[in-house]
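Input: a single structure, listed below in structure tokens.
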Amino acid sequence: MKENKNANLLTLGIAVVLILIICGISVVVHLLNEKESLSTSSMLQEDIIEYANASQEQSVTASDVVKEEKTTGNKDEEGQKGTDGPQEPEKAQASGEEQEPAVIVKEEKVPDKTIMEETGEETASQEGPTTAKWQKEAGENLAAVEIDLPRQMSEMKGYWEAGNMEAVEDLAYLPRYRAASEKLSGTTKYYYFGDTDENKRPNGKGLAMYTDNQYYYGEWENGVRSGGGMWVKFYVYDQNAKAKDSIYLQHSYSGTWGNDLPNGDGAEHYDFIDENLESNVGYNRNFIGNFKNGLYHGEIYITNYYSDGNSKEWSGTAKDGVWQPMGEKDQKGQFPVIVDLTDPDNYQWMAEKANRNNGVDGIISAAK
């Protein structure tokens, strides 16, 4: 009986011990799981905070970039944007502030090798030009052409100062110069390289590049062309342009300026693409005399140019761009306005309706 009681106690003790061991193991496992859960939760929370901080940082950066782009964009549109024209004209008019059209190009150190030399090397490495210099290359994309305004303006100004107009012409027809000019499309703004006054306006002597392949080199006063100077427009045509639509190579005016337009004594001149001229047709080439706000004003001496190299001399008198009649009108309603200096009975005739605003056409000027 006593043995059975001892066996029962032993069995009960073993059971109790086993229960305690199981409970202990359960507690340990629970504690470990809780610790792991806390660790995982903490890590997840840290990841969320880090992601949130990164997102906030990206948001701030993006905002700053947008703000910077807007600021830069406005400057570009004010200074050198082309196709869309001046930015927000309504606001500009409402404020009554006059915007300065000049975009001052600052002088920078330029490479020793000239653009002309670089272009010559590039041409030598190719098979040769497929077009004349006044023709666009097939598939031309000026928007993709890299430009360097300080270098380009500096080099052209140097040739102009030296009187090397052949080099000026060669530069003007290069894609990088035409690309820079095209960026000004639709505006009266211009890139300027030269002397300025205390208000950073052109003043003294300098070079300006306009849209439409137009340039001016000469004297300035208070931000406008004033004094002696030369304006040139270089023509560029598509390869498929008809001969009759592509007769001009250059159009220029050299002489006295005032109020940003030809004013005073000067000479208007045209250069032609000879192979596109009709035979036995005289093309007006030179108009020499006095100008008023870009128009003929006073006695004007004129020369014709023919494809065979011959020329004729004429003269007429204009007032504010209107040729003064030299006789009665004919049956077509045209008046004799210009006389042949070698044959006083030979005239150039013009209808009254067409006889107005005769002068140097095409000059880009804020004064117009």
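How things are named: the first chain in the structure tokens is A, the next is B, and so on; residues count from 1 in each chain; ligands count from 1 in the order shown.
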
Tell me, as a ChimeraX atom specification, which residues lie within 8 Å of stretch 189-201 of chain A, counting only C-alpha atoms; anything in the same chain fewer than 3 positions away does not count. /A:79-80,101-107,150,153-154,157,184,204-211,222-223

Could you give me, as a list of chain:residue names, the residues within 9 Å of stretch 341-347 of chain A, counting only C-alpha atoms and dropping anything in the same chain fewer than 5 positions from it?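 Non-adjacent residues within range: A:Lys312, A:Glu313, A:Trp314, A:Ser315, A:Met326, A:Pro336.
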
Take the residues just selected and output them with N, CA and C atoms as a PDB file, in the first residue's frame.
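Written out: part-v7.pdb:
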```pdb
ATOM      1  N   LYS A 312      22.840 100.370-115.695  1.00  0.00           N
ATOM      2  CA  LYS A 312      22.280 101.655-116.116  1.00  0.00           C
ATOM      3  C   LYS A 312      22.190 102.571-114.908  1.00  0.00           C
ATOM      4  N   GLU A 313      22.215 103.878-115.178  1.00  0.00           N
ATOM      5  CA  GLU A 313      22.151 104.861-114.105  1.00  0.00           C
ATOM      6  C   GLU A 313      20.863 105.674-114.213  1.00  0.00           C
ATOM      7  N   TRP A 314      20.231 105.903-113.072  1.00  0.00           N
ATOM      8  CA  TRP A 314      18.966 106.601-113.019  1.00  0.00           C
ATOM      9  C   TRP A 314      18.978 107.601-111.865  1.00  0.00           C
ATOM     10  N   SER A 315      17.972 108.460-111.825  1.00  0.00           N
ATOM     11  CA  SER A 315      17.814 109.345-110.665  1.00  0.00           C
ATOM     12  C   SER A 315      16.350 109.738-110.512  1.00  0.00           C
ATOM     13  N   MET A 326       7.492 113.118-112.592  1.00  0.00           N
ATOM     14  CA  MET A 326       8.264 113.934-113.526  1.00  0.00           C
ATOM     15  C   MET A 326       7.449 114.279-114.768  1.00  0.00           C
ATOM     16  N   PRO A 336       5.701 108.891-114.535  1.00  0.00           N
ATOM     17  CA  PRO A 336       7.149 108.756-114.656  1.00  0.00           C
ATOM     18  C   PRO A 336       7.803 109.307-113.381  1.00  0.00           C
TER      19      PRO A 336
END
```

All residues 10 Å or closer to A:Glu352, only C-alpha atoms, same chain fewer than 6 positions away omitted, as a PyMOL selection string: chain A and resi 322-323+325+329+333-335

Kindly export the residues of the current selection with C-alpha atoms, as an mmCIF file, in the first residue's frame.
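Writing the result to result_36.cif gives the following:
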```
data_model
loop_
_atom_site.group_PDB
_atom_site.id
_atom_site.type_symbol
_atom_site.label_atom_id
_atom_site.label_comp_id
_atom_site.auth_asym_id
_atom_site.auth_seq_id
_atom_site.Cartn_x
_atom_site.Cartn_y
_atom_site.Cartn_z
ATOM 1 C CA VAL A 322 6.989 108.990 -102.236
ATOM 2 C CA TRP A 323 8.603 109.450 -105.655
ATOM 3 C CA PRO A 325 6.214 112.655 -110.585
ATOM 4 C CA LYS A 329 0.350 109.821 -115.992
ATOM 5 C CA GLY A 333 -2.483 105.476 -114.624
ATOM 6 C CA GLN A 334 1.274 105.337 -114.047
ATOM 7 C CA PHE A 335 3.532 108.337 -113.507
#
```

I'd like the neighbourhood of A:Tyr177 as a PyMOL selection string, where a residue qualifies if any of its atoms comes within 12 Å (using only C-alpha atoms), though same-chain residues fewer than 2 positions away should be ignored. chain A and resi 115-116+142-143+145-153+155-156+168-175+179-184+191+209-215+234

Which value, in Å to one decimal, gives the distance between atom CA of A:Val337 and atom CA of A:Ser254?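 Result for atom CA of A:Val337 versus atom CA of A:Ser254: 24.2 Å, one decimal.
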
As a list of chain:residue names, please: all residues of stretch 177-254 of chain A that backbone DSSP puts in alpha helix (DSSP H).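 Here are the alpha helix (DSSP H) residues of stretch 177-254 of chain A: A:Tyr177, A:Arg178, A:Ala179, A:Ala180, A:Ser181, A:Glu182.
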
With a distance cut-off of 12 Å and only C-alpha atoms, select the neighbouring residues of A:Trp231, excluding the residue or stretch itself and same-chain residues fewer than 5 positions from it, and output the selection as a PyMOL selection string. chain A and resi 160+207-210+213-219+225+250-257+260-262+266-270+294+360-365

Students should find that atom CA of A:Asn276 and atom CA of A:Ala241 are spaced 10.6 Å

Give me the residues within 10 Å of A:Lys292 as a PyMOL selection string, counting only C-alpha atoms and dropping any in the same chain fewer than 6 places off. chain A and resi 257-258+261-265+298+319-321+359

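Counting only C-alpha atoms and comparing A:Asn286, A:Tyr301, A:Tyr159, A:Tyr296, the residue that lies closest to A:Asn355 is A:Tyr296.
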